[in-house]
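Shown next: run05.pdb, given as PDB, C-alpha atoms.
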ATOM      1  CA  MET A   1      53.309  51.901  75.861
ATOM      2  CA  THR A   2      49.762  51.718  74.631
ATOM      3  CA  ASN A   3      49.344  54.136  71.742
ATOM      4  CA  ASP A   4      51.140  56.044  69.014
ATOM      5  CA  GLN A   5      51.402  59.232  71.049
ATOM      6  CA  GLN A   6      53.292  57.410  73.791
ATOM      7  CA  ILE A   7      55.647  55.905  71.225
ATOM      8  CA  LEU A   8      56.249  59.345  69.733
ATOM      9  CA  ASP A   9      56.904  60.903  73.142
ATOM     10  CA  SER A  10      59.431  58.185  73.947
ATOM     11  CA  LEU A  11      61.090  58.609  70.548
ATOM     12  CA  LYS A  12      61.695  62.292  71.297
ATOM     13  CA  ASP A  13      63.580  61.477  74.493
ATOM     14  CA  PRO A  14      67.172  60.421  73.632
ATOM     15  CA  SER A  15      67.338  58.120  76.671
ATOM     16  CA  THR A  16      64.334  56.078  75.523
ATOM     17  CA  LYS A  17      64.599  56.608  71.759
ATOM     18  CA  GLU A  18      66.153  53.258  70.867
ATOM     19  CA  GLN A  19      63.833  51.260  73.103
ATOM     20  CA  ALA A  20      60.819  53.113  71.706
ATOM     21  CA  PHE A  21      61.970  52.471  68.153
ATOM     22  CA  ARG A  22      62.293  48.770  68.889
ATOM     23  CA  TYR A  23      58.736  48.888  70.160
ATOM     24  CA  LEU A  24      57.618  50.711  67.021
ATOM     25  CA  ILE A  25      59.263  48.029  64.854
ATOM     26  CA  SER A  26      57.638  45.230  66.796
ATOM     27  CA  THR A  27      54.236  46.950  66.553
ATOM     28  CA  TYR A  28      54.273  47.660  62.818
ATOM     29  CA  LYS A  29      56.751  45.169  61.314
ATOM     30  CA  GLU A  30      54.190  42.597  60.212
ATOM     31  CA  ARG A  31      51.682  45.048  58.790
ATOM     32  CA  LEU A  32      54.396  46.877  56.848
ATOM     33  CA  TYR A  33      55.975  43.600  55.725
ATOM     34  CA  TRP A  34      52.720  42.347  54.216
ATOM     35  CA  HIS A  35      51.990  45.709  52.635
ATOM     36  CA  ILE A  36      55.417  45.718  50.931
ATOM     37  CA  ARG A  37      55.204  42.030  50.073
ATOM     38  CA  LYS A  38      51.987  42.604  48.100
ATOM     39  CA  ILE A  39      53.799  45.211  46.014
ATOM     40  CA  VAL A  40      57.188  43.588  45.364
ATOM     41  CA  LEU A  41      55.931  39.970  45.811
ATOM     42  CA  ASN A  42      59.289  38.317  46.509
ATOM     43  CA  HIS A  43      60.343  37.711  50.140
ATOM     44  CA  ASP A  44      64.011  38.675  49.770
ATOM     45  CA  ASP A  45      63.116  41.918  48.022
ATOM     46  CA  THR A  46      60.495  42.611  50.686
ATOM     47  CA  ASP A  47      63.082  42.102  53.419
ATOM     48  CA  ASP A  48      65.406  44.648  51.772
ATOM     49  CA  VAL A  49      62.628  47.185  51.297
ATOM     50  CA  LEU A  50      61.334  46.708  54.847
ATOM     51  CA  GLN A  51      64.774  47.309  56.342
ATOM     52  CA  ASN A  52      65.241  50.420  54.197
ATOM     53  CA  THR A  53      61.800  51.588  55.269
ATOM     54  CA  PHE A  54      62.653  51.366  58.972
ATOM     55  CA  ILE A  55      66.024  53.068  58.383
ATOM     56  CA  LYS A  56      64.166  55.905  56.591
ATOM     57  CA  ILE A  57      61.709  56.090  59.477
ATOM     58  CA  TRP A  58      64.566  56.276  62.019
ATOM     59  CA  ASN A  59      66.293  59.023  60.034
ATOM     60  CA  GLY A  60      63.062  60.955  59.545
ATOM     61  CA  LEU A  61      61.769  60.820  63.123
ATOM     62  CA  ASP A  62      62.715  64.462  63.727
ATOM     63  CA  SER A  63      60.816  65.588  60.651
ATOM     64  CA  PHE A  64      57.575  63.834  61.640
ATOM     65  CA  ARG A  65      55.151  66.612  62.579
ATOM     66  CA  ALA A  66      52.209  64.417  63.631
ATOM     67  CA  GLU A  67      49.986  66.099  61.032
ATOM     68  CA  SER A  68      48.967  62.606  60.001
ATOM     69  CA  SER A  69      48.775  59.498  62.159
ATOM     70  CA  LEU A  70      51.925  57.465  62.791
ATOM     71  CA  PHE A  71      50.423  54.506  60.946
ATOM     72  CA  THR A  72      49.712  56.651  57.860
ATOM     73  CA  TRP A  73      53.234  58.077  57.889
ATOM     74  CA  LEU A  74      54.823  54.610  58.162
ATOM     75  CA  TYR A  75      52.641  53.237  55.371
ATOM     76  CA  ARG A  76      53.518  56.171  53.131
ATOM     77  CA  ILE A  77      57.237  55.589  53.622
ATOM     78  CA  ALA A  78      56.839  51.845  53.006
ATOM     79  CA  THR A  79      54.810  52.501  49.836
ATOM     80  CA  ASN A  80      57.336  55.019  48.520
ATOM     81  CA  GLU A  81      60.246  52.684  49.275
ATOM     82  CA  SER A  82      58.506  49.827  47.459
ATOM     83  CA  ILE A  83      57.803  51.961  44.387
ATOM     84  CA  THR A  84      61.350  53.321  44.410
ATOM     85  CA  PHE A  85      62.679  49.755  44.607
ATOM     86  CA  LEU A  86      60.568  48.635  41.624
ATOM     87  CA  ASN A  87      61.517  51.713  39.596
ATOM     88  CA  GLN A  88      65.214  51.208  40.314
ATOM     89  CA  ARG A  89      65.000  47.602  39.179
ATOM     90  CA  LYS A  90      63.067  48.674  36.085
ATOM     91  CA  ARG A  91      65.771  51.218  35.235
ATOM     92  CA  LYS A  92      68.569  48.712  35.828
ATOM     93  CA  SER A  93      67.047  46.086  33.564
ATOM     94  CA  MET A  94      65.696  48.684  31.062
ATOM     95  CA  THR A  95      62.455  46.733  30.847
ATOM     96  CA  SER A  96      59.045  47.886  29.691
ATOM     97  CA  LEU A  97      55.943  47.689  31.887
ATOM     98  CA  THR A  98      54.907  44.366  30.331
ATOM     99  CA  ASP A  99      58.361  42.872  30.862
ATOM    100  CA  GLU A 100      58.371  44.210  34.409
ATOM    101  CA  ASN A 101      55.025  42.523  35.134
ATOM    102  CA  GLN A 102      56.331  39.281  33.653
ATOM    103  CA  TYR A 103      59.458  39.605  35.783
ATOM    104  CA  LEU A 104      57.324  40.048  38.917
ATOM    105  CA  ILE A 105      55.349  36.908  38.109
ATOM    106  CA  ASP A 106      58.455  34.852  37.258
ATOM    107  CA  ASN A 107      60.008  36.086  40.470
ATOM    108  CA  LEU A 108      56.893  35.085  42.380
ATOM    109  CA  GLU A 109      56.716  31.612  40.827
ATOM    110  CA  GLY A 110      60.371  31.072  41.719
ATOM    111  CA  ASP A 111      59.900  32.295  45.264
ATOM    112  CA  SER A 112      60.067  29.400  47.709
ATOM    113  CA  TYR A 113      57.949  31.424  50.140
ATOM    114  CA  PHE A 114      54.917  31.524  47.850
ATOM    115  CA  ASP A 115      52.499  28.699  48.576
ATOM    116  CA  GLY A 116      49.580  29.890  46.485
ATOM    117  CA  ASP A 117      47.406  27.527  44.478
ATOM    118  CA  GLU A 118      46.502  28.058  40.822
ATOM    119  CA  TRP A 119      43.731  30.531  41.640
ATOM    120  CA  GLN A 120      45.975  32.621  43.873
ATOM    121  CA  LEU A 121      48.718  32.643  41.266
ATOM    122  CA  LEU A 122      46.170  33.705  38.637
ATOM    123  CA  LEU A 123      44.976  36.521  40.911
ATOM    124  CA  GLN A 124      48.563  37.725  41.396
ATOM    125  CA  LYS A 125      49.125  37.604  37.637
ATOM    126  CA  ALA A 126      45.988  39.681  37.131
ATOM    127  CA  ILE A 127      47.115  42.217  39.737
ATOM    128  CA  ALA A 128      50.555  42.390  38.100
ATOM    129  CA  THR A 129      48.944  43.649  34.874
ATOM    130  CA  LEU A 130      47.488  46.704  36.636
ATOM    131  CA  PRO A 131      49.052  50.140  36.436
ATOM    132  CA  GLU A 132      51.064  51.073  39.532
ATOM    133  CA  LYS A 133      48.472  53.270  41.240
ATOM    134  CA  GLN A 134      45.613  50.824  40.625
ATOM    135  CA  LYS A 135      47.791  47.993  41.897
ATOM    136  CA  LEU A 136      48.461  49.865  45.138
ATOM    137  CA  VAL A 137      44.821  50.777  45.644
ATOM    138  CA  PHE A 138      43.618  47.263  44.879
ATOM    139  CA  ASN A 139      46.098  45.647  47.277
ATOM    140  CA  MET A 140      45.346  48.106  50.066
ATOM    141  CA  LYS A 141      41.599  47.730  49.687
ATOM    142  CA  TYR A 142      41.269  44.050  48.820
ATOM    143  CA  PHE A 143      43.966  42.487  51.020
ATOM    144  CA  ASP A 144      44.666  45.036  53.769
ATOM    145  CA  GLU A 145      41.088  46.374  53.923
ATOM    146  CA  ILE A 146      42.322  49.899  54.544
ATOM    147  CA  LYS A 147      39.626  52.600  54.566
ATOM    148  CA  TYR A 148      39.586  55.048  51.658
ATOM    149  CA  GLU A 149      40.117  57.969  54.060
ATOM    150  CA  GLU A 150      43.326  56.442  55.401
ATOM    151  CA  MET A 151      44.386  55.404  51.927
ATOM    152  CA  SER A 152      43.827  58.984  50.823
ATOM    153  CA  GLU A 153      46.359  60.221  53.395
ATOM    154  CA  ILE A 154      48.871  57.490  52.586
ATOM    155  CA  LEU A 155      48.762  57.924  48.809
ATOM    156  CA  GLU A 156      47.988  61.649  48.945
ATOM    157  CA  THR A 157      45.072  61.182  46.540
ATOM    158  CA  SER A 158      41.421  62.168  46.881
ATOM    159  CA  VAL A 159      38.911  59.575  48.040
ATOM    160  CA  GLY A 160      36.977  59.927  44.769
ATOM    161  CA  ALA A 161      40.052  59.205  42.695
ATOM    162  CA  LEU A 162      40.863  56.186  44.859
ATOM    163  CA  LYS A 163      37.355  54.788  44.437
ATOM    164  CA  ALA A 164      37.651  55.228  40.684
ATOM    165  CA  SER A 165      41.053  53.502  40.696
ATOM    166  CA  TYR A 166      39.702  50.581  42.696
ATOM    167  CA  HIS A 167      36.682  50.280  40.394
ATOM    168  CA  HIS A 168      38.902  50.150  37.291
ATOM    169  CA  ALA A 169      41.284  47.733  38.990
ATOM    170  CA  VAL A 170      38.482  45.335  39.933
ATOM    171  CA  LYS A 171      37.111  45.410  36.385
ATOM    172  CA  LYS A 172      40.521  44.641  34.911
ATOM    173  CA  VAL A 173      41.227  41.836  37.379
ATOM    174  CA  GLU A 174      37.808  40.351  36.699
ATOM    175  CA  GLU A 175      38.358  40.416  32.932
ATOM    176  CA  TYR A 176      41.797  38.863  33.280
ATOM    177  CA  VAL A 177      40.493  36.152  35.602
ATOM    178  CA  LYS A 178      37.540  35.351  33.328
ATOM    179  CA  SER A 179      39.731  35.051  30.248
ATOM    180  CA  HIS A 180      42.246  32.789  31.982
ATOM    181  CA  GLU A 181      40.123  30.887  34.530
ATOM    182  CA  THR A 182      38.825  28.272  32.112
ATOM    183  CA  ARG A 183      42.111  26.419  32.489
ATOM    184  CA  ILE A 184      41.648  26.167  36.265
ATOM    185  CA  GLU A 185      39.336  23.600  37.783
ATOM    186  CA  PRO A 186      36.669  25.195  40.002
TER
ATOM    187  CA  MET B   1      29.258  55.404  41.243
ATOM    188  CA  TYR B   2      32.426  53.660  42.272
ATOM    189  CA  GLU B   3      31.226  52.450  45.662
ATOM    190  CA  GLU B   4      32.448  48.913  46.239
ATOM    191  CA  GLU B   5      28.896  47.795  47.096
ATOM    192  CA  ASN B   6      27.999  48.178  43.411
ATOM    193  CA  ILE B   7      30.909  46.026  42.303
ATOM    194  CA  GLU B   8      30.362  42.386  42.993
ATOM    195  CA  PRO B   9      32.446  40.314  40.626
ATOM    196  CA  ASP B  10      32.642  36.618  41.428
ATOM    197  CA  PHE B  11      36.255  36.652  42.423
ATOM    198  CA  LEU B  12      35.506  39.119  45.236
ATOM    199  CA  LYS B  13      33.199  36.517  46.805
ATOM    200  CA  ARG B  14      35.969  33.939  47.097
ATOM    201  CA  PRO B  15      37.549  33.580  50.541
ATOM    202  CA  LYS B  16      40.739  35.603  50.884
ATOM    203  CA  THR B  17      43.754  33.551  51.882
ATOM    204  CA  ASN B  18      47.325  34.701  52.140
ATOM    205  CA  PRO B  19      49.407  32.708  49.653
ATOM    206  CA  PHE B  20      52.636  34.200  50.923
ATOM    207  CA  ARG B  21      54.701  33.029  53.848
ATOM    208  CA  THR B  22      57.985  34.016  55.470
ATOM    209  CA  PRO B  23      60.990  31.969  56.618
ATOM    210  CA  ASP B  24      60.606  30.493  60.096
ATOM    211  CA  TYR B  25      61.220  32.967  62.922
ATOM    212  CA  TYR B  26      61.711  35.768  60.378
ATOM    213  CA  PHE B  27      59.864  38.367  62.449
ATOM    214  CA  GLU B  28      61.499  37.357  65.726
ATOM    215  CA  SER B  29      64.964  38.630  64.814
ATOM    216  CA  LEU B  30      63.828  41.604  62.750
ATOM    217  CA  GLU B  31      64.275  44.293  65.422
ATOM    218  CA  ASP B  32      67.891  43.266  66.070
ATOM    219  CA  ARG B  33      68.755  43.196  62.375
ATOM    220  CA  ILE B  34      67.188  46.596  61.725
ATOM    221  CA  MET B  35      68.874  48.192  64.733
ATOM    222  CA  GLY B  36      72.184  46.614  63.644
ATOM    223  CA  ASN B  37      71.740  48.114  60.172
ATOM    224  CA  ILE B  38      70.949  51.522  61.621
ATOM    225  CA  GLU B  39      74.090  51.408  63.791
ATOM    226  CA  ASP B  40      76.241  50.349  60.808
ATOM    227  CA  LYS B  41      74.879  53.193  58.690
ATOM    228  CA  ALA B  42      75.430  55.662  61.529
ATOM    229  CA  LYS B  43      79.069  54.499  61.881
ATOM    230  CA  LYS B  44      79.680  54.880  58.148
ATOM    231  CA  LYS B  45      78.051  58.284  58.214
ATOM    232  CA  SER B  46      80.175  59.447  61.157
ATOM    233  CA  SER B  47      83.422  58.250  59.519
ATOM    234  CA  SER B  48      82.588  60.083  56.284
ATOM    235  CA  ALA B  49      81.588  63.123  58.359
ATOM    236  CA  LYS B  50      85.007  62.969  60.061
ATOM    237  CA  ILE B  51      86.760  62.940  56.685
ATOM    238  CA  ILE B  52      84.707  65.928  55.554
ATOM    239  CA  GLN B  53      85.473  67.678  58.864
ATOM    240  CA  PHE B  54      89.189  66.979  58.320
ATOM    241  CA  MET B  55      89.080  68.178  54.718
ATOM    242  CA  LYS B  56      86.985  71.266  55.445
ATOM    243  CA  PRO B  57      89.868  73.731  56.148
ATOM    244  CA  ALA B  58      91.802  72.578  53.070
ATOM    245  CA  LEU B  59      88.709  72.772  50.901
ATOM    246  CA  GLY B  60      87.904  76.211  52.314
ATOM    247  CA  LEU B  61      91.424  77.419  51.576
ATOM    248  CA  ALA B  62      91.307  76.035  48.048
ATOM    249  CA  ALA B  63      87.945  77.671  47.481
ATOM    250  CA  SER B  64      89.287  81.019  48.775
ATOM    251  CA  PHE B  65      92.295  80.840  46.445
ATOM    252  CA  THR B  66      90.058  80.036  43.513
ATOM    253  CA  LEU B  67      87.787  82.936  44.409
ATOM    254  CA  VAL B  68      90.726  85.340  44.717
ATOM    255  CA  TYR B  69      92.108  84.094  41.399
ATOM    256  CA  LEU B  70      88.775  84.559  39.686
ATOM    257  CA  LEU B  71      88.086  87.977  41.209
ATOM    258  CA  VAL B  72      91.577  89.548  41.072
ATOM    259  CA  TYR B  73      94.246  87.699  39.131
ATOM    260  CA  TYR B  74      92.141  86.602  36.183
ATOM    261  CA  PRO B  75      90.606  90.032  35.390
ATOM    262  CA  ILE B  76      94.060  91.673  35.721
ATOM    263  CA  ASN B  77      95.568  89.085  33.404
ATOM    264  CA  THR B  78      92.743  89.315  30.936
ATOM    265  CA  PHE B  79      92.138  93.034  30.720
ATOM    266  CA  LEU B  80      95.231  94.939  31.937
ATOM    267  CA  LEU B  81      98.111  92.737  30.751
ATOM    268  CA  LYS B  82      96.352  92.092  27.467
ATOM    269  CA  ASP B  83      96.951  95.714  26.415
ATOM    270  CA  ASN B  84     100.637  95.597  27.508
ATOM    271  CA  THR B  85     101.364  92.454  25.540
ATOM    272  CA  LYS B  86      99.666  93.920  22.533
ATOM    273  CA  THR B  87     101.978  96.958  22.670
ATOM    274  CA  ALA B  88     105.099  94.916  23.382
ATOM    275  CA  PHE B  89     104.436  92.571  20.551
ATOM    276  CA  SER B  90     103.678  95.312  18.107
ATOM    277  CA  THR B  91     107.032  97.090  18.853
ATOM    278  CA  THR B  92     109.361  94.118  19.036
ATOM    279  CA  ALA B  93     108.007  91.661  16.529
ATOM    280  CA  PRO B  94     107.085  93.208  13.240
ATOM    281  CA  ALA B  95     106.734  90.877  10.293
ATOM    282  CA  ASP B  96     109.841  92.268   8.554
ATOM    283  CA  LEU B  97     112.046  91.483  11.530
ATOM    284  CA  LEU B  98     111.204  87.824  11.323
ATOM    285  CA  ASN B  99     112.087  87.773   7.661
ATOM    286  CA  ASP B 100     115.584  89.100   8.463
ATOM    287  CA  TYR B 101     116.402  85.892  10.341
ATOM    288  CA  SER B 102     115.009  83.525   7.774
ATOM    289  CA  ILE B 103     117.409  81.752   5.372
ATOM    290  CA  ASN B 104     116.529  81.444   1.744
ATOM    291  CA  LEU B 105     117.726  77.870   1.100
ATOM    292  CA  THR B 106     116.780  77.952  -2.571
ATOM    293  CA  SER B 107     119.551  80.443  -3.248
ATOM    294  CA  ILE B 108     122.309  78.053  -1.939
ATOM    295  CA  ASP B 109     123.668  75.256  -4.134
ATOM    296  CA  GLU B 110     124.653  71.817  -2.758
ATOM    297  CA  ASN B 111     128.469  72.255  -2.972
ATOM    298  CA  SER B 112     128.527  75.500  -1.099
ATOM    299  CA  LEU B 113     126.295  73.962   1.563
ATOM    300  CA  VAL B 114     128.653  70.975   2.044
ATOM    301  CA  ASP B 115     131.651  73.308   2.166
ATOM    302  CA  ALA B 116     129.927  75.446   4.738
ATOM    303  CA  ILE B 117     129.162  72.445   6.951
ATOM    304  CA  PHE B 118     132.570  70.747   6.780
ATOM    305  CA  SER B 119     134.759  73.813   6.423
ATOM    306  CA  ASP B 120     135.681  74.032  10.120
ATOM    307  CA  GLU B 121     136.464  70.309  10.367
ATOM    308  CA  THR B 122     138.765  70.170   7.310
ATOM    309  CA  ASN B 123     140.574  73.318   8.319
ATOM    310  CA  ASN B 124     141.308  71.909  11.763
ATOM    311  CA  ILE B 125     142.748  68.698  10.304
ATOM    312  CA  ALA B 126     144.790  70.552   7.712
ATOM    313  CA  GLU B 127     146.173  72.979  10.227
ATOM    314  CA  THR B 128     147.394  70.200  12.557
ATOM    315  CA  ASN B 129     151.082  69.237  12.198
ATOM    316  CA  PRO B 130     151.950  65.436  12.105
ATOM    317  CA  ASP B 131     154.810  66.054  14.538
ATOM    318  CA  GLU B 132     152.347  67.506  17.016
ATOM    319  CA  PHE B 133     150.269  64.312  16.693
ATOM    320  CA  LEU B 134     153.303  62.127  17.498
ATOM    321  CA  ALA B 135     154.317  64.326  20.397
ATOM    322  CA  TYR B 136     150.775  64.118  21.788
ATOM    323  CA  LEU B 137     150.582  60.326  21.400
ATOM    324  CA  SER B 138     154.017  59.658  22.883
ATOM    325  CA  SER B 139     153.671  62.077  25.789
ATOM    326  CA  GLY B 140     152.646  59.363  28.265
ATOM    327  CA  LEU B 141     155.212  56.698  27.065
ATOM    328  CA  ASN B 142     158.895  56.082  27.825
ATOM    329  CA  ASP B 143     161.529  55.208  25.184
ATOM    330  CA  VAL B 144     161.173  51.410  25.477
ATOM    331  CA  GLU B 145     157.393  51.592  25.054
ATOM    332  CA  ILE B 146     157.751  53.893  22.039
ATOM    333  CA  TYR B 147     160.241  51.462  20.489
ATOM    334  CA  SER B 148     157.943  48.440  21.031
ATOM    335  CA  GLU B 149     154.969  50.330  19.582
ATOM    336  CA  ILE B 150     156.989  51.196  16.455
ATOM    337  CA  GLN B 151     158.123  47.561  16.059
ATOM    338  CA  ASN B 152     154.512  46.333  16.277
TER
END
Kindly transcribe the structure held in the file into structure tokens.
Amino acid sequence: MTNDQQILDSLKDPSTKEQAFRYLISTYKERLYWHIRKIVLNHDDTDDVLQNTFIKIWNGLDSFRAESSLFTWLYRIATNESITFLNQRKRKSMTSLTDENQYLIDNLEGDSYFDGDEWQLLLQKAIATLPEKQKLVFNMKYFDEIKYEEMSEILETSVGALKASYHHAVKKVEEYVKSHETRIEP
Amino acid sequence: MYEEENIEPDFLKRPKTNPFRTPDYYFESLEDRIMGNIEDKAKKKSSSAKIIQFMKPALGLAASFTLVYLLVYYPINTFLLKDNTKTAFSTTAPADLLNDYSINLTSIDENSLVDAIFSDETNNIAETNPDEFLAYLSSGLNDVEIYSEIQN
């Protein structure tokens, strides 16, 4: 199997469906993992969300109409699952946005699978202060280097609005970093 | 206006490194774990589907009965029988009739009330002959037993 169309064709055939899905997982697992990880930060939470994402993908294979690319569809499901996960946790703990951001950072600092230095922790803290949409756009652009056109399909938002979101996000991160960076040695 | 070329804050010039890592061999076993989860969910789904399949006729029957009740029995009860009960009640239970059965306790003094309650009991005792008592008590005893009872 070399491309998405071949994977999709194999997924439609019941005799090859499971094998094709295994191939799909192996092709996209790392990209989706890192995309989710940037949103929920903690490894254990990411693992849960990733598994739910692939279960959703499996259950929704029949409804995929190939109007968008397979990659875009997978990313959209992963993004939605991550946001749903964060919202559920927010509802359970009845926390405000500020408390939620603090929780994310505490969770990150306590995560044994985070090896970041002071600068990287500061950057994550700055990103955690962003509103949800700006956070998504910033992560997708800064870390994953996804093109605005693809991002537009994934987040179902116009390219102009995404550029504006990224611009605001960068400004906010910069301000946060500047106001807190003095404590960190260059 | 918002093109990224125009935005060049210092932090964007820093080299990007991934501060996150995963447990060793995490990605190697991922396919198996996901497929295992999918199979488990499918099994749970099929067992709950079986229960629903099993319950379907009973639920259908219950729904039909409820529908029949709502469409037939309830309107009959509410509209047709309502008129009948109204008529029946109005002919058999006027307010005066109920008053006929009520007892005006204020008109009875205490002595006459006590007499009325215990009248049957006292009459029964008074009407009973002592000889009849003895005959009743000694009916199951022979002469020797009667004699010993009297001596005691």
| Residues picked by the PyMOL selection byres ((chain A) within 10 of (chain B)) here, as a PyMOL selection string? | chain A and resi 18+21-26+29-30+33-34+37-38+41-44+47+50-56+58-59+108+111-117+119-121+123-124+141-143+160-168+170-171+173-175+177-178
Go ahead and dump the residues you just picked, C-alpha atoms, as an mmCIF file, in the coordinates of the input.
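So the final result, stored in out18.cif, reads:
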data_model
loop_
_atom_site.group_PDB
_atom_site.id
_atom_site.type_symbol
_atom_site.label_atom_id
_atom_site.label_comp_id
_atom_site.auth_asym_id
_atom_site.auth_seq_id
_atom_site.Cartn_x
_atom_site.Cartn_y
_atom_site.Cartn_z
ATOM 1 C CA GLU A 18 66.153 53.258 70.867
ATOM 2 C CA PHE A 21 61.970 52.471 68.153
ATOM 3 C CA ARG A 22 62.293 48.770 68.889
ATOM 4 C CA TYR A 23 58.736 48.888 70.160
ATOM 5 C CA LEU A 24 57.618 50.711 67.021
ATOM 6 C CA ILE A 25 59.263 48.029 64.854
ATOM 7 C CA SER A 26 57.638 45.230 66.796
ATOM 8 C CA LYS A 29 56.751 45.169 61.314
ATOM 9 C CA GLU A 30 54.190 42.597 60.212
ATOM 10 C CA TYR A 33 55.975 43.600 55.725
ATOM 11 C CA TRP A 34 52.720 42.347 54.216
ATOM 12 C CA ARG A 37 55.204 42.030 50.073
ATOM 13 C CA LYS A 38 51.987 42.604 48.100
ATOM 14 C CA LEU A 41 55.931 39.970 45.811
ATOM 15 C CA ASN A 42 59.289 38.317 46.509
ATOM 16 C CA HIS A 43 60.343 37.711 50.140
ATOM 17 C CA ASP A 44 64.011 38.675 49.770
ATOM 18 C CA ASP A 47 63.082 42.102 53.419
ATOM 19 C CA LEU A 50 61.334 46.708 54.847
ATOM 20 C CA GLN A 51 64.774 47.309 56.342
ATOM 21 C CA ASN A 52 65.241 50.420 54.197
ATOM 22 C CA THR A 53 61.800 51.588 55.269
ATOM 23 C CA PHE A 54 62.653 51.366 58.972
ATOM 24 C CA ILE A 55 66.024 53.068 58.383
ATOM 25 C CA LYS A 56 64.166 55.905 56.591
ATOM 26 C CA TRP A 58 64.566 56.276 62.019
ATOM 27 C CA ASN A 59 66.293 59.023 60.034
ATOM 28 C CA LEU A 108 56.893 35.085 42.380
ATOM 29 C CA ASP A 111 59.900 32.295 45.264
ATOM 30 C CA SER A 112 60.067 29.400 47.709
ATOM 31 C CA TYR A 113 57.949 31.424 50.140
ATOM 32 C CA PHE A 114 54.917 31.524 47.850
ATOM 33 C CA ASP A 115 52.499 28.699 48.576
ATOM 34 C CA GLY A 116 49.580 29.890 46.485
ATOM 35 C CA ASP A 117 47.406 27.527 44.478
ATOM 36 C CA TRP A 119 43.731 30.531 41.640
ATOM 37 C CA GLN A 120 45.975 32.621 43.873
ATOM 38 C CA LEU A 121 48.718 32.643 41.266
ATOM 39 C CA LEU A 123 44.976 36.521 40.911
ATOM 40 C CA GLN A 124 48.563 37.725 41.396
ATOM 41 C CA LYS A 141 41.599 47.730 49.687
ATOM 42 C CA TYR A 142 41.269 44.050 48.820
ATOM 43 C CA PHE A 143 43.966 42.487 51.020
ATOM 44 C CA GLY A 160 36.977 59.927 44.769
ATOM 45 C CA ALA A 161 40.052 59.205 42.695
ATOM 46 C CA LEU A 162 40.863 56.186 44.859
ATOM 47 C CA LYS A 163 37.355 54.788 44.437
ATOM 48 C CA ALA A 164 37.651 55.228 40.684
ATOM 49 C CA SER A 165 41.053 53.502 40.696
ATOM 50 C CA TYR A 166 39.702 50.581 42.696
ATOM 51 C CA HIS A 167 36.682 50.280 40.394
ATOM 52 C CA HIS A 168 38.902 50.150 37.291
ATOM 53 C CA VAL A 170 38.482 45.335 39.933
ATOM 54 C CA LYS A 171 37.111 45.410 36.385
ATOM 55 C CA VAL A 173 41.227 41.836 37.379
ATOM 56 C CA GLU A 174 37.808 40.351 36.699
ATOM 57 C CA GLU A 175 38.358 40.416 32.932
ATOM 58 C CA VAL A 177 40.493 36.152 35.602
ATOM 59 C CA LYS A 178 37.540 35.351 33.328
#
| message | Just to confirm, what's the straight-line distance from CA of Asn3 (chain A) to CA of Ala78 (chain A) in Å (one decimal)? | response |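 Interatomic distance, CA of Asn3 (chain A) to CA of Ala78 (chain A): 20.3 Å.
The space between CA of Leu61 (chain A) and CA of Lys12 (chain A) spans 8.3 Å.
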| request: State, in Å with one decimal place, the distance from CA of Asp48 (chain A) to CA of Asn87 (chain A). | output: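 Straight-line distance from CA of Asp48 (chain A) to CA of Asn87 (chain A) works out to 14.6 Å.
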| request: Please provide the set of residues having any atom within 10 Å of Thr129 (chain A), restricted to only C-alpha atoms, with same-chain residues fewer than 4 positions apart removed, written as an MDAnalysis selection string. | output: chainID A and resid 97:98 100:102 104:105 124:125 134:135 169 172:173 176
Shell of 6 Å around Leu11 (chain A), all atoms listed in the file, local chain residues under 3 positions omitted, as a CSV table (one decimal) with C-alpha atoms, keeping the file's coordinate frame:
chain,number,residue,atom,x,y,z
A,8,LEU,CA,56.2,59.3,69.7
A,17,LYS,CA,64.6,56.6,71.8
A,20,ALA,CA,60.8,53.1,71.7
| Nearest residue to Val137 (chain A) from the set A:Ser152, A:Asp106, A:Ile77, A:Asp45 (distances using all atoms listed in the file) |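 For Val137 (chain A), the nearest of the given residues is A:Ser152.
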